[in-house]
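Peer 1: Right, I'll just put the structure down here and ask away after.
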Amino acid sequence: MDDHGDDYGAWVGDTVPDPAAHRTEEEWAAIARYLRHAANQLGPSLPLCLPGEPQQCGRTARQHVLAWGAAVKAAAQHVMEEAAPSPAHAAYAAGPLYHQRRAALRAPDAH
């Protein structure tokens with residue numbers, strides 16, 4: 001993966017409190033592997049790039065969660081656009097339906 005989103009912190013700054021700091025590097029690595037696997041299942045084959053693997057890039061597992069999460073989101077958007085019978089259906093799936101599902105995931109009883 002070429003773009004890991006490293007440049008984000010440089011122009012925004014890391015002044016916002018970190019709500020996800022409670023995860024360990026091993027937990028982030030597991031999530032990154034799941035996301036990479038999902039990205040590979042949804043789209044074209046992607047290069048392997050996680051800390052400790054043959055093509056190690058030196059970035060943290062948490063950074064890979066963000067990068068692979070973006071890849072999954074883009075692949076899912078592409079799949080929705082291909083599957084939709086019209087642009088309006090794709091917009092509904094990517095808009096209101098997506099936000100409804102995300103709100104359900106954020107609900108306190110979802111965990």
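How things are named: the first chain in the structure tokens is A, the next is B, and so on; residues count from 1 in each chain; ligands count from 1 in the order shown.
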Near A:Val72, counting only C-alpha atoms, which residues have an atom at most 8 Å away, once you skip same-chain residues fewer than 6 positions from it, shown as a list in words?

Peer 2: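 Final neighbour list, sorted by chain and number: Leu35, Arg36, Ala38, Ala39 and Leu42 of chain A.
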
Peer 1: Identify, on the basis of only C-alpha atoms, every residue whose closest approach to A:Tyr98 does not exceed 12 Å; exclude the query and any residue fewer than 5 positions from it along the same chain; express the result as a list in words.

Peer 2: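 Counting only C-alpha atoms, the residues come to Lys73, Ala76, Gln77, Met80, Ala90, Ala91, Tyr92, Ala93, Ala103, Ala104 and Leu105 of chain A.
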
Peer 1: Show which residues sit within 8 Å of stretch 22-26 of chain A, as a list in words. Count only C-alpha atoms, and ignore same-chain residues fewer than 4 positions away.

Peer 2: Ala30, Thr60, Ala61 and Arg62 of chain A

Peer 1: Using only C-alpha atoms, which of A:His89, A:His64, A:Arg59, A:His78 sits nearest A:Pro44?

Peer 2: A:His78

Peer 1: Between atom CA of A:Ala67 and atom CA of A:Ile31, measure the distance and give it in Å to one decimal.

Peer 2: 11.5 Å
